[in-house]
Amino acid sequence: MSDSPAPTEQDEDTAPPSPFHRLADFVALPRLGGLALSPDGSRLVTSVATLDAEGKTWQSALWEVDPAGQRPARRLTRGAAGESSPVFAPTGELLFTSARPDPAAGKDAGEPKPALWALSPEGGEARLVLSRSSGVSGVAVAADSGDVVAVTSVVPGAADAEADEQRRKARTDAGITALLHESYPVRSWDHDLGPAFPHVFWVGHVPAESAPAPEWRDLTPDAGPPAGAGDDLAISPDGRFVVRSEDVPDGPAGRRSRLVLTQVATGTTRVLVDDPQADVFAPAFSPDSTQVVCVRESASTYAEPPDYTLLLVDVATAATRDLTAGFDRWPGSPQFSAEGTAVFFLADDDGRHALYRVELAGGAPVRLTDAGAFSDLQVARDGSALYALRSGYDLPAAPVRLDPTATGQDPAPLPNPGTISAFPGTLRELDATAPDGTRVQSWLVLPEGASETSPAPLVLWVHGGPLMSWNSWSWRWTPWVLAARGYAVLLPNPALSQGFGQDFVRRGWGEWGGHPYTDLMAAVDAAEALPEIDRTRTAAMGGSFGGYMANWIATQTDRFAAIVTHASLWHLDSFGGTTDSAFYWEREFGDPLTEPRRYDQNSPHRYADAIRTPMLVIHGDKDYRVPIGEGLRLWYDLQKRGVPSKFLYFPDENHWVLTPGNAAVWYETVLAFLGQHVLGADWQRPELL
C-alpha cells in the first residue's frame, strides 16, 4: 500500500476548489431536465431541480433560457411544490404540471395532486387550468389547433370522475390496500400496478381565465390492467388524432407494444402498426399530420439481441417504410424536421449519444454532432434551428442551439443556471484491445496532480443496462466525486454496450461472464499501463448490470483491493422469476428449468467460494427491477464465508438512490469503504449511519 494519505472531505471553513470536493456542495448543484420551445422560437424553457429549504428533497422550478444565447437565464416559477414538464400552447402560454394547491380550494381540500397550470407570455401568477382528483400525470398539446390531451389514472369500472373518487374512497374507508392481479406483470421499477390505470382524455383547448372547467372525454375507455393506456403518445398538430403505444399480450406471460390511432372527434381507435416480432413506440407526427415516425425494437430471442430501426407510417393507409435500414446503430427519440422532409433522431455511437438526420427521400443517416450526448430535442417551427440538452462527462445537461444541417457540431451551452466552472481533474478517451482483438472504448477521469511521480489509485466503474453505454452525465454515478478525492475513474464500454454495432452487443448476449468480463479486464490493463495510474491500488464497482459484473469480477479474480456492488444480480435463477419483467429476461437467458446452461455458467452465486475481495453491498428495498432478495442473498453468502463485507441498505429507495440525504450517504459510505481497503485508511463509519 502507498504511504500517501487518504483523500478527505474539504474542511468546512475553507472554500473548496470545486463543488465535488464537499458532498453538501455536490448535492446542492442545480440539475437541468427537459426542454420546451415556444411556437415563435423566441423562448426556451427548462426545468431546474435544486434542494428545497429543508435540504431533504430536490424541488424543480421552470427557468427561461435565451435561444440566442445573449441574455442570462431567468427563473419563471417559485411554487413550494415545484413545477415540471413544461410545454407551450399555440397561444404562447406556458403549460406545466405542479402539485401546488388550488388557491380557490377550501381548507379541507386534502393533499394537492399534480395538475396543469398555465403562465401567460407576460408572466405574472400562474393559473390552474386542468385538475383531476387522481392527478394529471401527462399532457400533450396539438401544435396548430391547441387541443389538449391529458393522462390520468382511473379505477376500473368507474364511469366518470365522481365514480372514480367514490371507489378510491371506499377502498380507503374499508382499509383495503390489497391488489388482485389477473395478468402479468404486477410491478414496474419502483411501484405496484393498480388499483388504478392510466387513461387518455381529450379536454379541448386550454380554457380562458374564469371559464368553466373543460369536459373530460375518455379516449381510452377500455384501458385496464396491467398497463392501462400508458403515456407514450402524441397528438397530431391539427388536433384530429392521438397516436399511442399500447401494451398487448405476447404469449402466456409476455407483453409487447403496438401503435394505435384514435380519431379525437369520434373516439374511434384503429391499429396503426402491429408487429408480432417487435415492440413499437415513441411516435411523433409530421407537421402536416399525415405521417408518423416511430421506433421499432425487434423482439430479442435466446440467440439474438434486439435491434432497432425507425418506421415511417402513413396515417391514412397504415403503410410503413423503414427509414434506417442497414444503419448499425439503435435510433431513438425521432422528430420530424420543420419542413417535414426529414427526421432527426438520437443514437449511441462510440461512447457518444449523437444527433442524426435522415431524409425521407432516401439515403443513409447523417451524423450532425461530434462530442457529447444529446436529449430533449426541440425543432424550431421555422426550420432555423434545433435545441437540445447536451451533456458529457465534461458537462452536466445544458441547453444548446444546433444547426439542422451542419455536421461535426459541438455547440457551446446557452447561459443557464446549471453551469459548473471547475472540475477536479481531466477527461480523456482510452482504447484497449480485448483478447479476441476487439476494440474496447473507455472514458478515463484523471484527478488533478496524477503523474508518473504521483500516480493515482484506480476505480473501475461498470455501467448498468446492460444495453447502454457510458456517454453522458449522471448525477447518480458521478466520477468527479471520486476524482476530487484523488481517484482515477475508468468508465469502460464492454461487450453488450450499445453504440458499437450489433456484433458488439451480440458478443455478450446471454454470456455475461464471457466477453463483458474479459473486455473489462483489458480496459483495466490499458489504464494500469499508464504512468498516471498506481496499479497496486485498484477497486471495482458498478450498479444493476454493473453490480452483476462487480459480483462476477469478485468470483473470477483477486486483483482488486475492494469491490462495491449496487442493486446487483447475484442468483440469476431467483432473479429471473422475481424481476418486474421476467418475460424479457427469459428471452435472453431462457427458462432455467429447460435451458439451464446460461444460468449455470453465468450466475455469480455458483462461484461464491472463490471470493477473497472485501465487498460493500448496496440495495434498496423498493427495487422491483432487481429485487432486494438478490442483495440479501449476496450479503448472507459473503457473511457465512467470512468475506470482509458491509451492507448499505435503503428501506425507502428503489433501483436508484433519489433523495439528497441518502445520495450523500451513498457516496460517503463508498468513499469510506474505498479509503479503508484501497488507501489503507482507518474505517470511518458515516456519522449518521
# chains A, B, ... in the order shown; residues from 1 in each chain; ligands from 1
$ closest_atom_pairs --of "region 213-262 of chain A" --to "region 571-584 of chain A" --cutoff "9 Å" --atoms "only C-alpha atoms" --output "Markdown table"
| residue | atom | partner | partner_atom | distance |
| --- | --- | --- | --- | --- |
| A:Ala253 | CA | A:Phe583 | CA | 6.6 |
| A:Gly254 | CA | A:Phe583 | CA | 5.3 |
| A:Arg255 | CA | A:Phe583 | CA | 7.8 |
$ select_by_dssp --residues "region 341-547 of chain A" --states "alpha helix (DSSP H)" --output "compact mmCIF listing (two decimals) with C-alpha atoms, in the first residue's frame"
# COMPACT_ATOMS: atom_id res chain seq x y z
CA PRO A 479 -16.85 10.08 -11.29
CA TRP A 480 -15.85 13.62 -10.30
CA VAL A 481 -16.79 13.00 -6.65
CA LEU A 482 -14.15 10.27 -6.60
CA ALA A 483 -11.68 12.35 -8.61
CA GLN A 502 -24.88 -5.14 -33.44
CA ASP A 503 -21.99 -7.61 -33.41
CA PHE A 504 -20.53 -5.90 -30.36
CA VAL A 505 -23.80 -6.45 -28.47
CA ARG A 506 -24.03 -9.99 -29.78
CA HIS A 515 -16.62 -11.18 -23.27
CA PRO A 516 -18.05 -8.46 -21.00
CA TYR A 517 -15.66 -9.63 -18.27
CA THR A 518 -12.60 -10.03 -20.49
CA ASP A 519 -13.32 -6.65 -22.12
CA LEU A 520 -13.37 -5.00 -18.69
CA MET A 521 -10.09 -6.62 -17.69
CA ALA A 522 -8.50 -5.48 -20.97
CA ALA A 523 -9.65 -1.94 -20.25
CA VAL A 524 -8.18 -2.10 -16.72
CA ASP A 525 -4.90 -3.43 -18.14
CA ALA A 526 -4.74 -0.48 -20.53
CA ALA A 527 -5.42 2.01 -17.75
CA GLU A 528 -2.93 0.44 -15.37
CA PHE A 545 -25.74 -4.92 -14.62
CA GLY A 546 -22.61 -3.18 -13.38
CA GLY A 547 -23.38 -4.69 -9.98
$ residues_around --residues "region 153-160 of chain A" --least-positions-apart "6" --cutoff "12 Å" --atoms "only C-alpha atoms" --output "VMD selection string"
chain A and resid 113 to 114 132 to 138 166 to 171 179 193 to 201 215 to 218 220 to 231
$ closest_residue --among "A:Tyr487, A:Trp477, A:Phe500, A:Tyr387" --to "Ala347 (chain A)" --atoms "only C-alpha atoms"
A:Phe500
$ closest_residue --among "A:Gln335, A:Ser544, A:Thr557, A:Ser60" --to "Asn654 (chain A)" --atoms "only C-alpha atoms"
A:Ser544
$ select_by_dssp --residues "region 603-641 of chain A" --states "strand (DSSP E or B)" --output "list in words"
Met615, Leu616, Val617, Ile618, His619 and Gly620 of chain A
$ write_last_selection --atoms "C-alpha atoms" --output "short mmCIF file (atom, residue, chain, number, x, y, z; two decimals), in the first residue's frame"
data_model
loop_
_atom_site.label_atom_id
_atom_site.label_comp_id
_atom_site.auth_asym_id
_atom_site.auth_seq_id
_atom_site.Cartn_x
_atom_site.Cartn_y
_atom_site.Cartn_z
CA MET A 615 -17.19 -6.17 -0.72
CA LEU A 616 -19.67 -3.38 0.00
CA VAL A 617 -23.22 -4.49 -0.89
CA ILE A 618 -25.79 -1.72 -1.53
CA HIS A 619 -29.50 -2.28 -2.21
CA GLY A 620 -32.86 -0.52 -1.93
#
$ residues_around --residues "Asp403 (chain A)" --least-positions-apart "5" --cutoff "12 Å" --atoms "only C-alpha atoms" --output "MDAnalysis selection string"
chainID A and resid 337 344 355:357 368:369 378:380 383:388 408:411
$ atom_distance --atom1 "CA of Leu458 (chain A)" --atom2 "CA of Gly486 (chain A)"
9.2 Å
